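A.B. asks: This structure is in structure tokens; I'll ask about it shortly.
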Amino acid sequence: MPSAKPGSKYFPLFQHLKRQRGERVSLTFAQIEAILGQPLPRSARRAKAFWSNRAHGGLQAEAWLEAGFETQEVDLRGRRIEWARPVQRYVVHRESGVVRWNADMVRALRRHLGADQAGLAEVLGVRQQTISEWETGLYVPSRSRSKHLSLIAERAGFPLEGDSSLRD
């Protein structure tokens with residue numbers, strides 16, 4: 001499900017971050033290089049942009065974003081990076097006892113599962129485009145899909161009570 005690919009240079013970093021249970025992770029460049037089993041590129045030591053949270057175009061960013069973290073602090077002098085789990089906020093609405101899923105909830109569940117849009121689409125038996133349309137608010141899941149999403153959420157330990165603020 002993740003877009004961080006086995007065999008890629010940054011896959012070991014993805015795996016390391018994915019195993020972390022805390023809300024924040026701080027690593028030195030030396031620790032990151034030990035995890036990767038190779039040196040960081042020169043740009044990692046010279047430019048904060050290397051550590052940006054861009055979703056496309058940076059294999060290194062995919063590693064921490066797919067693991068559920070965002071870069072919070074870049075200390076080039078101290079050669080240290082700090083990542084944190086982003087706060088996900090959503091409001092749970094029920095209609096006749098059924099949770100009505102909105103864009104924020106679908107995105108938060110997907111991230112909680114550690115899945116990309118294609119992975120969640122596969123689990124639900126829908127197209128990746130459908131997940132994208134739900135996450136952008138173009139459409140909302142039908143009542144039957146909402147029930148299916150709620151079942152998946154329950155099994156994954158995803159909170160569905162009232163107003164929620166969580167770290168996924």
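The way I read the labels, and the way they are meant: chains A, B, ... in the order of the structure tokens, residue 1 as the first residue of every chain, and ligand 1 as the first ligand shown, with later ones counted on from there.
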Got a sec: who's within 9 Å of Leu76 (chain A), counting only C-alpha atoms, leaving out chain neighbours fewer than 5 positions off, as a PyMOL selection string?
C.D. replies: chain A and resi 44-48+81
A.B. asks: Among chain A, which ones does DSSP place in alpha helix (DSSP H), written as an mmCIF file with C-alpha atoms, in the first residue's frame?
C.D. replies:
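Wrote it out as selection.cif, contents follow:
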```
data_model
loop_
_atom_site.group_PDB
_atom_site.id
_atom_site.type_symbol
_atom_site.label_atom_id
_atom_site.label_comp_id
_atom_site.auth_asym_id
_atom_site.auth_seq_id
_atom_site.Cartn_x
_atom_site.Cartn_y
_atom_site.Cartn_z
ATOM 1 C CA PHE A 11 12.730 2.665 2.326
ATOM 2 C CA PRO A 12 14.735 1.817 5.491
ATOM 3 C CA LEU A 13 13.917 5.288 6.856
ATOM 4 C CA PHE A 14 10.216 4.681 6.064
ATOM 5 C CA GLN A 15 10.354 1.361 7.938
ATOM 6 C CA HIS A 16 12.140 2.917 10.908
ATOM 7 C CA LEU A 17 9.648 5.775 11.219
ATOM 8 C CA LYS A 18 6.664 3.465 10.687
ATOM 9 C CA ARG A 19 7.733 1.443 13.754
ATOM 10 C CA PHE A 29 22.268 12.854 10.229
ATOM 11 C CA ALA A 30 24.612 10.091 11.455
ATOM 12 C CA GLN A 31 21.644 8.076 12.771
ATOM 13 C CA ILE A 32 19.762 8.556 9.506
ATOM 14 C CA GLU A 33 22.811 7.421 7.536
ATOM 15 C CA ALA A 34 23.105 4.341 9.767
ATOM 16 C CA ILE A 35 19.434 3.541 9.090
ATOM 17 C CA LEU A 36 19.913 4.048 5.341
ATOM 18 C CA ARG A 42 25.234 16.704 -0.096
ATOM 19 C CA SER A 43 21.958 18.650 -0.505
ATOM 20 C CA ALA A 44 20.628 17.124 2.741
ATOM 21 C CA ARG A 45 23.455 18.786 4.643
ATOM 22 C CA ARG A 46 23.239 22.143 2.877
ATOM 23 C CA LEU A 59 11.593 10.120 -2.534
ATOM 24 C CA GLN A 60 12.938 11.122 0.865
ATOM 25 C CA ALA A 61 9.751 13.065 1.720
ATOM 26 C CA GLU A 62 7.607 10.097 0.680
ATOM 27 C CA ALA A 63 9.434 8.037 3.305
ATOM 28 C CA TRP A 64 8.400 10.188 6.272
ATOM 29 C CA LEU A 65 5.025 11.282 4.905
ATOM 30 C CA GLU A 66 3.957 7.696 4.182
ATOM 31 C CA ALA A 103 -13.367 14.310 3.353
ATOM 32 C CA ASP A 104 -11.419 14.890 6.588
ATOM 33 C CA MET A 105 -12.536 11.597 8.090
ATOM 34 C CA VAL A 106 -11.706 9.548 4.973
ATOM 35 C CA ARG A 107 -8.227 11.129 4.780
ATOM 36 C CA ALA A 108 -7.621 10.599 8.513
ATOM 37 C CA LEU A 109 -8.703 6.948 8.309
ATOM 38 C CA ARG A 110 -6.486 6.337 5.292
ATOM 39 C CA ARG A 111 -3.497 7.849 7.106
ATOM 40 C CA HIS A 112 -4.343 5.902 10.261
ATOM 41 C CA LEU A 113 -4.207 2.732 8.168
ATOM 42 C CA GLN A 117 -5.377 6.269 -1.934
ATOM 43 C CA ALA A 118 -4.877 3.230 -4.172
ATOM 44 C CA GLY A 119 -4.431 0.977 -1.138
ATOM 45 C CA LEU A 120 -7.623 2.175 0.545
ATOM 46 C CA ALA A 121 -9.452 1.857 -2.780
ATOM 47 C CA GLU A 122 -8.348 -1.766 -3.009
ATOM 48 C CA VAL A 123 -9.586 -2.521 0.519
ATOM 49 C CA LEU A 124 -12.984 -0.931 -0.240
ATOM 50 C CA GLN A 128 -8.486 5.262 -6.514
ATOM 51 C CA GLN A 129 -10.262 8.209 -8.144
ATOM 52 C CA THR A 130 -13.260 7.572 -5.865
ATOM 53 C CA ILE A 131 -11.042 7.920 -2.777
ATOM 54 C CA SER A 132 -9.576 11.111 -4.238
ATOM 55 C CA GLU A 133 -13.066 12.506 -4.864
ATOM 56 C CA TRP A 134 -14.107 11.686 -1.290
ATOM 57 C CA GLU A 135 -10.943 13.298 0.144
ATOM 58 C CA THR A 136 -11.400 16.475 -1.873
ATOM 59 C CA ARG A 143 -24.688 5.077 3.122
ATOM 60 C CA SER A 144 -23.503 1.534 2.361
ATOM 61 C CA ARG A 145 -19.897 2.691 1.802
ATOM 62 C CA SER A 146 -20.124 4.686 5.041
ATOM 63 C CA LYS A 147 -21.067 1.503 6.881
ATOM 64 C CA HIS A 148 -18.114 -0.294 5.278
ATOM 65 C CA LEU A 149 -15.753 2.561 6.235
ATOM 66 C CA SER A 150 -17.067 2.430 9.816
ATOM 67 C CA LEU A 151 -16.427 -1.313 10.010
ATOM 68 C CA ILE A 152 -12.857 -0.856 8.773
ATOM 69 C CA ALA A 153 -12.369 2.039 11.207
ATOM 70 C CA GLU A 154 -13.644 -0.018 14.137
ATOM 71 C CA ARG A 155 -11.327 -2.924 13.326
ATOM 72 C CA ALA A 156 -8.363 -0.545 12.991
#
```
A.B. asks: CA of Asn102 (chain A) to CA of Leu160 (chain A): how many Å, to one decimal?
C.D. replies: 12.2 Å
A.B. asks: Quick one: contact table of region 37-62 of chain A to region 83-95 of chain A, 12 Å max, nearest atom pair and distance in Å to one decimal per residue, counting only C-alpha atoms, chain and number order, as JSON lines?
C.D. replies:
```
{"residue": "A:Trp51", "atom": "CA", "partner": "A:Trp83", "partner_atom": "CA", "distance": 9.9}
{"residue": "A:Ser52", "atom": "CA", "partner": "A:Trp83", "partner_atom": "CA", "distance": 10.8}
{"residue": "A:Asn53", "atom": "CA", "partner": "A:Trp83", "partner_atom": "CA", "distance": 10.2}
{"residue": "A:Ala61", "atom": "CA", "partner": "A:Trp83", "partner_atom": "CA", "distance": 11.1}
```
